[in-house]
There are 2 protein chains.
Amino acid sequence: MLFFTQCFGAVLDLIHLRFQHYKAKRVFSAAGQLVCVVNPTHSLKYAPTRCAAVQESTEQGILPPCHHHEAVHDPQLLPCTCPLFSCPWEGHLEVVVSHLRQTHRINILQGAEIVFLATDMHLPAPTDWIIMHSCLGHQFLLVLRKQEKYEGHPQFFATMMLIGTPSQANNFTYRLELNRNQRRLKWEATPRSVLECVDSVISDGDCLVLNTSLAQLFSDNGSLAIGIAITTSKVHSSEAEM
Amino acid sequence: MLFFTQCFGAVLDLIHLRFQHYKAKRVFSAAGQLVCVVNPTHSLKYAPTRCAAVQESTEQGILPPCHHHEAVHDPQLLPCTCPLFSCPWEGHLEVVVSHLRQTHRINILQGAEIVFLATDMHLPAPTDWIIMHSCLGHQFLLVLRKQEKYEGHPQFFATMMLIGTPSQANNFTYRLELNRNQRRLKWEATPRSVLECVDSVISDGDCLVLNTSLAQLFSDNGSLAIGIAITTSKVHSSEAEM
């Protein structure tokens, strides 16, 4: 009996995933784009201490965040970059991806262009939606966060970080695109390195920012589809030439 | 002596305008684009009564805003659409443009693609920057507003409205684009009709919204350059087909 109940549950899950996938495809017509359904993680355990320590050293004007870690520990070690958990793990840049996959169960997707479908947008802040994106020989971390920067007014913040150094990150441009209800919003920027703190990127507002009303206009039945594309940074070359 | 002082003032103004124009061209490299320097209007006289009356009738679910005016007055009359002033003027749609130019001194620019350069972004909220844009046989009103939706946290809201009916507005798509510091933000939507209230468009957040920090990243020496393009609405046709 338990076996049949589990089978029925699995079939329902598959139907739900298929439906979500269809919805995302409907929004982003591009054939062949991978759609990743990302469930939220309602986290009560942010790690302000780690970022606070990093920011203190930056404010004292001595060392940038990544160098702070390097000065304290093995120069090639960095703390866990997953913004969801106050995780005590430390490791080399090369093993961050396997740590995030194995310990935090973060999915990884291949492809230059993918669709990130965040479900249950109505959940209260703070909530995060996270995936890794493997592209152009590198891995990127996409973080969508619902947070109350102004009390009682939750906003959505989306940013992309390279699992690599800041100088490697400068070689890329990422694009996030929302497209629904005859409205289109595109954000293009250079990804930050995971050696920088995702919390400070979001608190600086240097990312795609959506008010709740705009997020509702772009979402479909409680899910928000974000098209993601990564390119080598030639997009801004015309700007640099001027 | 007074003549020479005035001449000197005029030359200084020209140099300043030329400098602003150069800055905008540097950001939006497209040759041949018109650049319009738009000075702010720090308005103490918003007209909440007019919009409140319009919204009340909408909330009662009886008539849309434009029909409300039509029911009270001559069916073809509408109140002054300039969001800056509580102006008692009422007139036909066809003469709104000349009223806005003559009474409110709002500039009008020709061309499918123009650059709107809003100066003095640091001025306290509420502040508006407004121009009219003549394109594809119609006139559009671009409103950039600095407003404190959440007390102590001013934000920038930008929207485009057609000086025409809602059904005419549905034939167009407008695009607002910010491009600076290796960041690019694009907003595309169908313009609203001036028969709708600009205040409600902004309070709904159904427009381009910028936090102060993001506005600073995109502005250059206190001025924000916004690229504007208007097309007939075929951009979203692919979405409709699905």
# chains A, B, ... in the order shown; residues from 1 in each chain; ligands from 1
>>> interface_residues(of="chain B", to="chain A", cutoff="6 Å", atoms="only C-alpha atoms", output="PyMOL selection string")
chain B and resi 26+182-189
>>> residues_around(residues="Met132 (chain B)", least_positions_apart="5", cutoff="8 Å", atoms="only C-alpha atoms", output="list of chain:residue names")
B:Ile106, B:Asn107, B:Ile108, B:Leu109, B:Gln139, B:Phe140, B:Leu141, B:Leu142
>>> residues_around(residues="His133 (chain B)", least_positions_apart="5", cutoff="12 Å", atoms="only C-alpha atoms", output="MDAnalysis selection string")
chainID B and resid 34:36 97 101 106:116 138:143 160:163 174 228:230
>>> residues_around(residues="Glu90 (chain B)", least_positions_apart="3", cutoff="6 Å", atoms="only C-alpha atoms", output="list in words")
Leu78, Pro79 and Cys80 of chain B
>>> write_last_selection(atoms="all heavy atoms", output="PDB file, in the first residue's frame")
ATOM      1  N   LEU B  78     -10.706  66.204 -21.420  1.00  0.00           N
ATOM      2  CA  LEU B  78      -9.975  65.550 -20.331  1.00  0.00           C
ATOM      3  C   LEU B  78      -9.169  66.589 -19.574  1.00  0.00           C
ATOM      4  O   LEU B  78      -8.846  67.635 -20.124  1.00  0.00           O
ATOM      5  CB  LEU B  78      -9.098  64.406 -20.826  1.00  0.00           C
ATOM      6  CG  LEU B  78      -7.830  64.725 -21.575  1.00  0.00           C
ATOM      7  CD1 LEU B  78      -6.840  63.593 -21.401  1.00  0.00           C
ATOM      8  CD2 LEU B  78      -8.130  64.888 -23.043  1.00  0.00           C
ATOM      9  N   PRO B  79      -8.874  66.337 -18.279  1.00  0.00           N
ATOM     10  CA  PRO B  79      -8.151  67.343 -17.504  1.00  0.00           C
ATOM     11  C   PRO B  79      -6.684  67.382 -17.922  1.00  0.00           C
ATOM     12  O   PRO B  79      -6.202  66.498 -18.617  1.00  0.00           O
ATOM     13  CB  PRO B  79      -8.293  66.845 -16.074  1.00  0.00           C
ATOM     14  CG  PRO B  79      -8.469  65.380 -16.200  1.00  0.00           C
ATOM     15  CD  PRO B  79      -9.174  65.142 -17.491  1.00  0.00           C
ATOM     16  N   CYS B  80      -5.972  68.400 -17.489  1.00  0.00           N
ATOM     17  CA  CYS B  80      -4.549  68.548 -17.800  1.00  0.00           C
ATOM     18  C   CYS B  80      -3.804  67.307 -17.321  1.00  0.00           C
ATOM     19  O   CYS B  80      -3.952  66.875 -16.184  1.00  0.00           O
ATOM     20  CB  CYS B  80      -3.991  69.791 -17.116  1.00  0.00           C
ATOM     21  SG  CYS B  80      -2.202  69.927 -17.271  1.00  0.00           S
TER      22      CYS B  80
END
